[in-house]
file structure_0.cif (mmCIF, C-alpha atoms (C1' of nucleotides))
data_data
loop_
_atom_site.label_atom_id
_atom_site.label_comp_id
_atom_site.auth_asym_id
_atom_site.auth_seq_id
_atom_site.Cartn_x
_atom_site.Cartn_y
_atom_site.Cartn_z
CA MET A 1136 22.91 30.36 -30.99
CA ASN A 1137 20.83 27.42 -32.16
CA ALA A 1138 17.81 25.73 -30.64
CA LYS A 1139 19.78 22.71 -29.50
CA MET A 1140 21.34 24.53 -26.57
CA LYS A 1141 18.33 24.38 -24.28
CA ASP A 1142 17.84 20.66 -24.91
CA GLN A 1143 21.20 19.53 -23.70
CA PRO A 1144 20.80 16.93 -20.99
CA GLN A 1145 22.26 18.22 -17.80
CA PHE A 1146 21.40 16.08 -14.81
CA SER A 1147 21.72 12.52 -13.66
CA ILE A 1148 18.84 11.04 -11.68
CA GLY A 1149 20.82 11.50 -8.48
CA GLU A 1150 21.20 15.20 -9.22
CA VAL A 1151 17.52 15.88 -9.89
CA ALA A 1152 16.56 13.85 -6.84
CA ALA A 1153 18.94 15.87 -4.67
CA ARG A 1154 17.63 19.15 -6.04
CA ALA A 1155 14.04 18.09 -5.48
CA GLU A 1156 14.94 16.68 -2.07
CA CYS A 1157 13.46 13.30 -2.79
CA GLN A 1158 14.78 9.81 -3.33
CA VAL A 1159 16.12 8.52 -6.60
CA GLN A 1160 13.55 5.73 -6.53
CA THR A 1161 10.79 8.27 -6.20
CA VAL A 1162 11.85 9.92 -9.44
CA ARG A 1163 11.80 6.57 -11.22
CA TYR A 1164 8.42 5.86 -9.67
CA TYR A 1165 7.01 9.12 -11.03
CA GLU A 1166 8.22 8.17 -14.49
CA GLN A 1167 6.66 4.74 -14.13
CA VAL A 1168 3.25 6.10 -13.22
CA GLY A 1169 3.37 8.73 -15.95
CA ILE A 1170 3.85 11.82 -13.81
CA LEU A 1171 7.25 12.53 -15.36
CA PRO A 1172 8.09 11.97 -19.04
CA GLN A 1173 10.76 9.47 -19.98
CA PRO A 1174 14.11 11.23 -20.24
CA ALA A 1175 16.86 10.52 -22.74
CA ARG A 1176 19.35 7.82 -21.86
CA THR A 1177 23.12 7.55 -22.09
CA GLU A 1178 24.60 4.79 -24.20
CA GLY A 1179 24.87 2.74 -21.06
CA GLY A 1180 21.18 3.24 -20.32
CA GLN A 1181 21.29 5.82 -17.56
CA ARG A 1182 18.70 8.60 -17.44
CA GLN A 1183 19.66 12.11 -18.51
CA TYR A 1184 17.42 14.94 -17.38
CA THR A 1185 17.03 18.46 -18.73
CA ALA A 1186 16.19 21.61 -16.80
CA GLU A 1187 12.62 21.17 -17.95
CA HIS A 1188 12.41 17.75 -16.34
CA LEU A 1189 13.76 19.20 -13.15
CA ASP A 1190 11.15 21.95 -13.16
CA ARG A 1191 8.42 19.42 -13.57
CA LEU A 1192 9.77 17.32 -10.73
CA LEU A 1193 9.96 20.39 -8.48
CA PHE A 1194 6.34 21.17 -9.35
CA VAL A 1195 5.32 17.65 -8.41
CA ARG A 1196 7.21 17.68 -5.13
CA ARG A 1197 5.84 21.04 -4.13
CA SER A 1198 2.30 19.90 -4.93
CA ARG A 1199 2.80 16.73 -2.94
CA GLU A 1200 4.13 18.70 0.02
CA LEU A 1201 0.92 20.70 -0.08
CA GLY A 1202 -0.96 17.42 0.15
CA PHE A 1203 -2.36 17.13 -3.38
CA SER A 1204 -2.83 13.53 -4.49
CA LEU A 1205 -0.77 12.25 -7.40
CA ASP A 1206 -3.91 12.17 -9.46
CA THR A 1207 -4.57 15.81 -8.74
CA VAL A 1208 -0.95 16.62 -9.49
CA ARG A 1209 -1.44 15.03 -12.89
CA ARG A 1210 -4.41 17.30 -13.51
CA LEU A 1211 -2.53 20.36 -12.34
CA LEU A 1212 0.37 19.52 -14.63
CA ARG A 1213 -1.96 19.21 -17.60
CA LEU A 1214 -3.52 22.55 -16.74
CA ALA A 1215 -0.14 24.20 -16.25
CA ASP A 1216 0.68 23.22 -19.81
CA LYS A 1217 -2.34 25.03 -21.19
CA GLN A 1218 -1.05 28.54 -20.66
CA GLU A 1219 -3.86 30.31 -22.52
CA ASP A 1220 -6.67 28.54 -20.62
CA ASP A 1221 -8.64 30.13 -17.86
CA CYS A 1222 -7.29 29.30 -14.40
CA SER A 1223 -10.68 28.73 -12.78
CA THR A 1224 -10.19 24.97 -12.69
CA VAL A 1225 -6.89 25.42 -10.90
CA ASP A 1226 -8.65 27.67 -8.46
CA SER A 1227 -11.43 25.21 -7.75
CA ILE A 1228 -9.03 22.30 -7.35
CA THR A 1229 -7.07 24.29 -4.82
CA THR A 1230 -10.15 25.47 -2.98
CA ALA A 1231 -11.51 21.94 -2.80
CA HIS A 1232 -8.21 20.74 -1.41
CA LEU A 1233 -8.19 23.55 1.13
CA ARG A 1234 -11.58 22.41 2.34
CA GLU A 1235 -10.35 18.83 2.68
CA VAL A 1236 -7.42 20.03 4.72
CA GLN A 1237 -9.76 22.01 6.94
CA GLN A 1238 -11.96 18.99 7.45
CA LYS A 1239 -8.98 16.90 8.44
CA ILE A 1240 -7.95 19.58 10.91
CA SER A 1241 -11.34 19.68 12.51
CA HIS A 1242 -11.45 15.90 12.73
CA LEU A 1243 -8.03 15.81 14.36
CA ARG A 1244 -9.07 18.53 16.79
CA THR A 1245 -11.95 16.36 17.88
CA LEU A 1246 -9.53 13.51 18.48
CA GLU A 1247 -7.23 15.84 20.33
CA ARG A 1248 -9.96 16.96 22.71
CA GLU A 1249 -11.02 13.39 23.34
CA LEU A 1250 -7.48 12.16 23.97
CA LYS A 1251 -6.75 15.07 26.28
CA ARG A 1252 -9.85 14.31 28.26
CA MET A 1253 -8.87 10.67 28.55
CA VAL A 1254 -5.37 11.46 29.71
CA ALA A 1255 -6.69 13.99 32.20
CA GLU A 1256 -9.11 11.48 33.65
CA CYS A 1257 -6.47 8.81 34.16
CA ASN A 1258 -6.06 8.15 37.86
CA HIS A 1259 -2.71 6.39 37.51
CA GLY A 1260 -3.79 3.29 39.35
CA LYS A 1261 -4.41 -0.26 38.24
CA ILE A 1262 -5.64 -1.09 34.77
CA ALA A 1263 -8.83 -2.47 36.26
CA ASP A 1264 -9.73 1.11 37.21
CA CYS A 1265 -8.11 2.88 34.27
CA ARG A 1266 -10.43 5.45 32.76
CA ILE A 1267 -8.55 5.37 29.46
CA ILE A 1268 -9.19 1.65 29.02
CA GLN A 1269 -12.75 2.14 30.15
CA GLY A 1270 -13.12 4.93 27.62
CA LEU A 1271 -11.88 2.69 24.83
CA ALA A 1272 -14.08 -0.16 25.92
CA ARG A 1273 -17.21 1.91 26.24
CA ILE A 1274 -19.90 1.69 23.63
CA GLY A 1275 -19.76 4.27 20.88
CA PRO A 1276 -21.60 7.62 20.99
CA SER A 1277 -24.46 6.76 18.63
CA LYS A 1278 -25.85 3.73 20.45
CA PRO A 1279 -29.40 3.86 21.82
CA MET E 699 -26.95 -21.49 36.87
CA ASN E 700 -23.85 -23.01 35.35
CA ALA E 701 -20.80 -21.41 33.77
CA LYS E 702 -21.83 -22.36 30.26
CA MET E 703 -24.42 -19.63 30.03
CA LYS E 704 -22.03 -16.80 29.30
CA ASP E 705 -20.29 -18.77 26.57
CA GLN E 706 -23.30 -19.26 24.38
CA PRO E 707 -22.60 -17.98 20.91
CA GLN E 708 -24.92 -15.17 20.14
CA PHE E 709 -23.99 -13.24 17.04
CA SER E 710 -23.31 -13.84 13.39
CA ILE E 711 -20.52 -11.86 11.74
CA GLY E 712 -23.09 -9.58 10.16
CA GLU E 713 -24.52 -8.78 13.57
CA VAL E 714 -21.22 -7.91 15.23
CA ALA E 715 -20.22 -5.85 12.22
CA ALA E 716 -23.47 -3.90 12.37
CA ARG E 717 -23.09 -3.28 16.09
CA ALA E 718 -19.52 -2.12 15.65
CA GLU E 719 -20.51 -0.08 12.60
CA CYS E 720 -17.89 -1.63 10.39
CA GLN E 721 -17.86 -3.97 7.43
CA VAL E 722 -18.10 -7.72 7.66
CA GLN E 723 -14.82 -8.03 5.80
CA THR E 724 -13.15 -5.81 8.35
CA VAL E 725 -14.08 -8.21 11.13
CA ARG E 726 -12.62 -11.11 9.16
CA TYR E 727 -9.54 -9.02 8.49
CA TYR E 728 -9.04 -8.38 12.21
CA GLU E 729 -9.23 -12.09 12.86
CA GLN E 730 -6.73 -12.73 10.10
CA VAL E 731 -4.16 -10.31 11.53
CA GLY E 732 -4.65 -11.59 15.05
CA ILE E 733 -6.51 -8.62 16.52
CA LEU E 734 -9.59 -10.70 17.19
CA PRO E 735 -9.54 -14.34 18.35
CA GLN E 736 -11.02 -17.00 16.15
CA PRO E 737 -14.64 -17.56 17.07
CA ALA E 738 -16.49 -20.87 17.14
CA ARG E 739 -18.08 -22.03 13.90
CA THR E 740 -21.42 -23.53 13.03
CA GLU E 741 -21.47 -26.97 11.46
CA GLY E 742 -21.64 -25.25 8.12
CA GLY E 743 -18.51 -23.23 8.92
CA GLN E 744 -20.00 -19.83 9.72
CA ARG E 745 -18.54 -17.74 12.53
CA GLN E 746 -20.38 -17.49 15.85
CA TYR E 747 -19.46 -14.63 18.15
CA THR E 748 -20.00 -14.19 21.86
CA ALA E 749 -20.62 -10.97 23.75
CA GLU E 750 -16.95 -11.01 24.66
CA HIS E 751 -15.92 -10.98 21.03
CA LEU E 752 -18.24 -8.09 20.41
CA ASP E 753 -16.74 -6.12 23.29
CA ARG E 754 -13.30 -6.67 21.91
CA LEU E 755 -14.36 -5.55 18.46
CA LEU E 756 -15.95 -2.41 19.90
CA PHE E 757 -12.71 -1.69 21.73
CA VAL E 758 -10.77 -2.05 18.50
CA ARG E 759 -13.12 0.17 16.52
CA ARG E 760 -13.14 2.85 19.15
CA SER E 761 -9.34 2.82 19.31
CA ARG E 762 -9.12 3.03 15.54
CA GLU E 763 -11.53 5.94 15.48
CA LEU E 764 -9.21 7.70 17.87
CA GLY E 765 -6.42 7.13 15.38
CA PHE E 766 -4.40 4.44 17.16
CA SER E 767 -2.57 2.13 14.77
CA LEU E 768 -3.53 -1.53 14.68
CA ASP E 769 -0.22 -2.33 16.28
CA THR E 770 -0.94 0.01 19.13
CA VAL E 771 -4.43 -1.42 19.46
CA ARG E 772 -2.83 -4.83 19.89
CA ARG E 773 -0.72 -3.45 22.73
CA LEU E 774 -3.70 -1.78 24.35
CA LEU E 775 -5.67 -5.00 24.17
CA ARG E 776 -2.89 -6.91 25.85
CA LEU E 777 -2.71 -4.29 28.57
CA ALA E 778 -6.47 -4.26 29.02
CA ASP E 779 -6.27 -7.96 29.79
CA LYS E 780 -3.81 -7.41 32.63
CA GLN E 781 -6.26 -5.89 35.06
CA GLU E 782 -3.92 -5.81 38.04
CA ASP E 783 -1.07 -4.08 36.20
CA ASP E 784 -0.26 -0.43 36.58
CA CYS E 785 -1.85 1.73 33.91
CA SER E 786 1.18 3.95 33.31
CA THR E 787 1.93 2.29 29.98
CA VAL E 788 -1.58 2.97 28.81
CA ASP E 789 -1.13 6.56 29.86
CA SER E 790 2.13 6.99 27.99
CA ILE E 791 0.79 5.35 24.83
CA THR E 792 -2.14 7.72 24.87
CA THR E 793 0.00 10.75 25.59
CA ALA E 794 2.38 9.86 22.78
CA HIS E 795 -0.54 9.48 20.41
CA LEU E 796 -1.94 12.82 21.52
CA ARG E 797 1.35 14.45 20.63
CA GLU E 798 1.31 12.83 17.18
CA VAL E 799 -2.19 14.13 16.60
CA GLN E 800 -1.06 17.61 17.64
CA GLN E 801 1.85 17.46 15.24
CA LYS E 802 -0.42 16.47 12.41
CA ILE E 803 -2.70 19.36 13.24
CA SER E 804 0.12 21.85 13.18
CA HIS E 805 1.36 20.46 9.87
CA LEU E 806 -2.09 20.72 8.35
CA ARG E 807 -2.46 24.25 9.66
CA THR E 808 0.69 25.20 7.80
CA LEU E 809 -0.76 23.73 4.63
CA GLU E 810 -4.02 25.54 5.27
CA ARG E 811 -2.29 28.91 5.56
CA GLU E 812 -0.31 28.28 2.40
CA LEU E 813 -3.34 27.14 0.40
CA LYS E 814 -5.39 30.09 1.60
CA ARG E 815 -2.66 32.47 0.53
CA MET E 816 -2.48 30.84 -2.89
CA VAL E 817 -6.22 31.00 -3.43
CA ALA E 818 -6.30 34.62 -2.27
CA GLU E 819 -3.56 35.57 -4.68
CA CYS E 820 -5.27 34.02 -7.67
CA ASN E 821 -6.19 36.73 -10.12
CA HIS E 822 -8.69 34.60 -12.06
CA GLY E 823 -7.10 35.20 -15.42
CA LYS E 824 -5.17 32.98 -17.79
CA ILE E 825 -3.07 30.10 -16.54
CA ALA E 826 0.02 31.83 -17.88
CA ASP E 827 -0.47 34.44 -15.14
CA CYS E 828 -1.92 32.16 -12.48
CA ARG E 829 -0.28 32.73 -9.12
CA ILE E 830 -1.33 29.29 -7.91
CA ILE E 831 0.52 27.57 -10.73
CA GLN E 832 3.44 29.90 -10.23
CA GLY E 833 3.41 29.06 -6.55
CA LEU E 834 3.55 25.35 -7.30
CA ALA E 835 6.28 25.84 -9.86
CA ARG E 836 8.47 28.00 -7.70
CA ILE E 837 11.54 26.59 -6.07
CA GLY E 838 11.08 25.35 -2.54
CA PRO E 839 11.73 27.46 0.58
CA SER E 840 15.13 26.04 1.52
CA LYS E 841 17.00 26.77 -1.71
CA PRO E 842 20.00 29.12 -1.61
"C1'" DT X 80 45.35 2.26 -17.65
"C1'" DC X 81 43.25 -0.26 -14.35
"C1'" DT X 82 40.35 -0.91 -10.45
"C1'" DA X 83 37.27 -0.22 -6.84
"C1'" DA X 84 33.59 2.26 -5.17
"C1'" DA X 85 29.70 5.01 -6.04
"C1'" DA X 86 25.92 5.55 -8.71
"C1'" DC X 87 23.03 3.70 -11.72
"C1'" DC X 88 19.69 -0.12 -13.75
"C1'" DT X 89 15.22 -3.45 -13.60
"C1'" DA X 90 11.68 -6.12 -11.56
"C1'" DA X 91 9.19 -7.39 -7.82
"C1'" DA X 92 7.73 -7.38 -3.14
"C1'" DG X 93 6.43 -4.82 1.10
"C1'" DC X 94 3.99 -1.32 4.06
"C1'" DA X 95 -1.12 0.12 6.46
"C1'" DG X 96 -5.59 -0.90 6.79
"C1'" DC X 97 -8.67 -2.11 4.81
"C1'" DT X 98 -11.86 -2.87 0.29
"C1'" DT X 99 -12.97 -5.27 -3.82
"C1'" DT X 100 -13.43 -9.15 -6.75
"C1'" DA X 101 -14.39 -13.83 -7.98
"C1'" DG X 102 -16.43 -17.90 -7.26
"C1'" DG X 103 -18.55 -20.58 -4.39
"C1'" DT X 104 -21.57 -22.59 0.15
"C1'" DT X 105 -25.00 -22.18 3.94
"C1'" DC X 106 -28.97 -20.58 6.05
"C1'" DA X 107 -33.73 -18.85 6.71
"C1'" DA X 108 -38.10 -17.50 4.94
"C1'" DG X 109 -42.01 -18.58 2.20
"C1'" DC D 1420 -38.22 -27.14 -1.79
"C1'" DT D 1421 -36.68 -23.17 -3.63
"C1'" DT D 1422 -34.78 -18.74 -3.70
"C1'" DG D 1423 -32.25 -15.03 -2.14
"C1'" DA D 1424 -29.67 -13.05 1.62
"C1'" DA D 1425 -25.85 -13.82 4.17
"C1'" DC D 1426 -21.98 -16.28 4.67
"C1'" DC D 1427 -17.27 -18.54 3.14
"C1'" DT D 1428 -12.08 -18.39 1.14
"C1'" DA D 1429 -8.30 -16.68 -1.42
"C1'" DA D 1430 -6.25 -13.25 -3.79
"C1'" DA D 1431 -5.77 -8.80 -5.83
"C1'" DG D 1432 -6.25 -3.70 -5.49
"C1'" DC D 1433 -5.82 0.86 -3.38
"C1'" DT D 1434 -2.01 5.17 -2.27
"C1'" DG D 1435 2.60 6.66 -2.63
"C1'" DC D 1436 6.21 5.37 -2.11
"C1'" DT D 1437 10.33 2.28 0.03
"C1'" DT D 1438 12.91 -1.88 0.21
"C1'" DT D 1439 15.15 -5.83 -1.60
"C1'" DA D 1440 17.79 -8.49 -4.78
"C1'" DG D 1441 20.84 -8.89 -8.19
"C1'" DG D 1442 23.11 -6.88 -11.62
"C1'" DT D 1443 25.64 -2.89 -14.94
"C1'" DT D 1444 27.78 1.68 -15.75
"C1'" DT D 1445 30.32 5.53 -14.54
"C1'" DT D 1446 33.92 7.99 -12.29
"C1'" DA D 1447 37.73 9.12 -9.39
"C1'" DG D 1448 42.01 7.81 -7.76
"C1'" DA D 1449 46.45 4.95 -7.90
#
call {"tool": "encode", "arguments": {"input": "structure_0.cif", "output": "structure tokens"}}
result
Amino acid sequence: MNAKMKDQPQFSIGEVAARAECQVQTVRYYEQVGILPQPARTEGGQRQYTAEHLDRLLFVRRSRELGFSLDTVRRLLRLADKQEDDCSTVDSITTAHLREVQQKISHLRTLERELKRMVAECNHGKIADCRIIQGLARIGPSKP
Amino acid sequence: MNAKMKDQPQFSIGEVAARAECQVQTVRYYEQVGILPQPARTEGGQRQYTAEHLDRLLFVRRSRELGFSLDTVRRLLRLADKQEDDCSTVDSITTAHLREVQQKISHLRTLERELKRMVAECNHGKIADCRIIQGLARIGPSKP
DNA sequence: TCTAAAACCTAAAGCAGCTTTAGGTTCAAG
DNA sequence: CTTGAACCTAAAGCTGCTTTAGGTTTTAGA
């Protein structure tokens, strides 16, 4: 068995997109912004992906689903390629992202409480008396 | 006292922006997209806002802080102007938005759990053995 | 073998909700 | 009267794709 075997192109763009559960255009977009390397092409100019490309795309999609920005995904990909490096950077990137997620949650919970209160206060009458509209119109919390 | 009194222009764009705690450019942007009406101008062409404009801007900012889209803010503003209408539409817009916020929270909580698990599993060694990277590289949950 | 449809290609614009940049003009204080 | 802060417009930039327009290639069936 020679080394060529593992390099044989195996997937069209439609196939990798389906396996990664994303759109074909998204795959092209990732190539365009340098997240995915340029694959080989057929004589007619169509992209041919290897299993390695697919793995990389799956990594990207999974990272995106977890809410990492494309820029962070780029950093994670670079780190993933340095197998012998220490994983502390990966750890701190993930921890930082976790904290961002937690902050978003707490912000949304504040909104949730506020919206619930507004809905609860609504007296279902005319807009002139609507507490929701009054709540929106009222001056913000930090006004002296 | 004549009716003119309440129409006297009172604020520059910098003043309304400061009171609404937003940027000057944001105020101009709202005018551009039809969220705020065009104010009078000085001879030199600078915008002059009335108290009414300011109220409207405060309404917009407060709605935005609660996460309503600009399009929804437009609808709320239209409703707010129809004082004698029933407020049921306002109620349903708010309730629908509350549900969206709750969905976002539950999505973020899923991410939070996942990220926490990944960070906890990290063994702080080499990237080759990093469970976080492995977690990102692994095939998604719905693969047979 | 031919043909029609499905899948692919590029380049550019569009979405939300602003922010930033560039290059001026007006206003208010000293 | 000058200077600097605040204002003006128009257009581009941001994120992460999606959509549109207008073609070319591949593939499955007759």
call {"tool": "resolve_selection", "arguments": {"input": "structure_0.cif", "expression": "the PyMOL selection byres ((chain A) within 9 of (chain D))", "output": "list in words"}}
result
Gln1160, Thr1161, Tyr1164, Gly1179, Gly1180, Gln1181, Ser1204 and Leu1205 of chain A
call {"tool": "resolve_selection", "arguments": {"input": "structure_0.cif", "expression": "the PyMOL selection byres ((chain A) within 12 of (chain X))", "output": "tab-separated table (two decimals) with C-alpha atoms, in the coordinates of the input"}}
result
chain	number	residue	atom	x	y	z
A	1147	SER	CA	21.72	12.52	-13.66
A	1148	ILE	CA	18.84	11.04	-11.68
A	1149	GLY	CA	20.82	11.50	-8.48
A	1150	GLU	CA	21.20	15.20	-9.22
A	1159	VAL	CA	16.12	8.52	-6.60
A	1160	GLN	CA	13.55	5.73	-6.53
A	1163	ARG	CA	11.80	6.57	-11.22
A	1167	GLN	CA	6.66	4.74	-14.13
A	1176	ARG	CA	19.35	7.82	-21.86
A	1177	THR	CA	23.12	7.55	-22.09
A	1179	GLY	CA	24.87	2.74	-21.06
A	1180	GLY	CA	21.18	3.24	-20.32
A	1181	GLN	CA	21.29	5.82	-17.56
A	1182	ARG	CA	18.70	8.60	-17.44
A	1183	GLN	CA	19.66	12.11	-18.51
call {"tool": "resolve_selection", "arguments": {"input": "structure_0.cif", "expression": "the PyMOL selection byres ((chain E) within 7 of (chain A))", "output": "JSON, numbers by chain"}}
result
{"E": [756, 757, 760, 761, 764, 778, 780, 781, 782, 783, 784, 785, 786, 789, 792, 793, 796, 799, 800, 803, 806, 809, 810, 813, 817, 822, 823, 824, 825, 826, 828, 831, 834, 835, 837, 838]}
call {"tool": "residues_around", "arguments": {"input": "structure_0.cif", "residues": "Pro1172 (chain A)", "least_positions_apart": "3", "cutoff": "8 Å", "atoms": "all atoms listed in the file", "output": "list in words"}}
result
Glu1166, Gly1169 and His1188 of chain A
call {"tool": "atom_distance", "arguments": {"input": "structure_0.cif", "atom1": "CA of Gln1145 (chain A)", "atom2": "CA of Glu1178 (chain A)"}}
result
15.1 Å
call {"tool": "atom_distance", "arguments": {"input": "structure_0.cif", "atom1": "CA of Pro1174 (chain A)", "atom2": "CA of Ala1152 (chain A)"}}
result
13.9 Å
call {"tool": "atom_distance", "arguments": {"input": "structure_0.cif", "atom1": "CA of Arg1209 (chain A)", "atom2": "CA of Ile1170 (chain A)"}}
result
6.3 Å
call {"tool": "build_atoms", "arguments": {"input": "structure_0.cif", "residues": "region 1222-1238 of chain A", "atoms": "N, CA and C atoms", "output": "compact mmCIF listing (two decimals), in the frame of the given file"}}
result
# COMPACT_ATOMS: atom_id res chain seq x y z
N CYS A 1222 -7.81 30.03 -15.56
CA CYS A 1222 -7.29 29.30 -14.40
C CYS A 1222 -8.36 28.93 -13.38
N SER A 1223 -9.63 29.01 -13.76
CA SER A 1223 -10.68 28.73 -12.78
C SER A 1223 -10.65 27.29 -12.27
N THR A 1224 -10.26 26.35 -13.14
CA THR A 1224 -10.19 24.97 -12.69
C THR A 1224 -9.10 24.80 -11.63
N VAL A 1225 -7.98 25.45 -11.88
CA VAL A 1225 -6.89 25.42 -10.90
C VAL A 1225 -7.40 25.97 -9.57
N ASP A 1226 -8.11 27.05 -9.66
CA ASP A 1226 -8.65 27.67 -8.46
C ASP A 1226 -9.59 26.73 -7.72
N SER A 1227 -10.46 26.05 -8.46
CA SER A 1227 -11.43 25.21 -7.75
C SER A 1227 -10.78 23.94 -7.19
N ILE A 1228 -9.77 23.44 -7.89
CA ILE A 1228 -9.03 22.30 -7.35
C ILE A 1228 -8.37 22.68 -6.03
N THR A 1229 -7.77 23.83 -6.02
CA THR A 1229 -7.07 24.29 -4.82
C THR A 1229 -8.04 24.56 -3.67
N THR A 1230 -9.15 25.18 -4.01
CA THR A 1230 -10.15 25.47 -2.98
C THR A 1230 -10.73 24.18 -2.39
N ALA A 1231 -10.98 23.22 -3.28
CA ALA A 1231 -11.51 21.94 -2.80
C ALA A 1231 -10.49 21.27 -1.87
N HIS A 1232 -9.24 21.36 -2.25
CA HIS A 1232 -8.21 20.74 -1.41
C HIS A 1232 -8.10 21.46 -0.06
N LEU A 1233 -8.20 22.76 -0.11
CA LEU A 1233 -8.19 23.55 1.13
C LEU A 1233 -9.30 23.08 2.06
N ARG A 1234 -10.48 22.87 1.50
CA ARG A 1234 -11.58 22.41 2.34
C ARG A 1234 -11.31 21.04 2.94
N GLU A 1235 -10.70 20.16 2.14
CA GLU A 1235 -10.35 18.83 2.68
C GLU A 1235 -9.38 18.95 3.85
N VAL A 1236 -8.41 19.81 3.66
CA VAL A 1236 -7.42 20.03 4.72
C VAL A 1236 -8.13 20.55 5.98
N GLN A 1237 -9.04 21.46 5.79
CA GLN A 1237 -9.76 22.01 6.94
C GLN A 1237 -10.61 20.96 7.63
N GLN A 1238 -11.18 20.07 6.84
CA GLN A 1238 -11.96 18.99 7.45
C GLN A 1238 -11.08 18.05 8.26
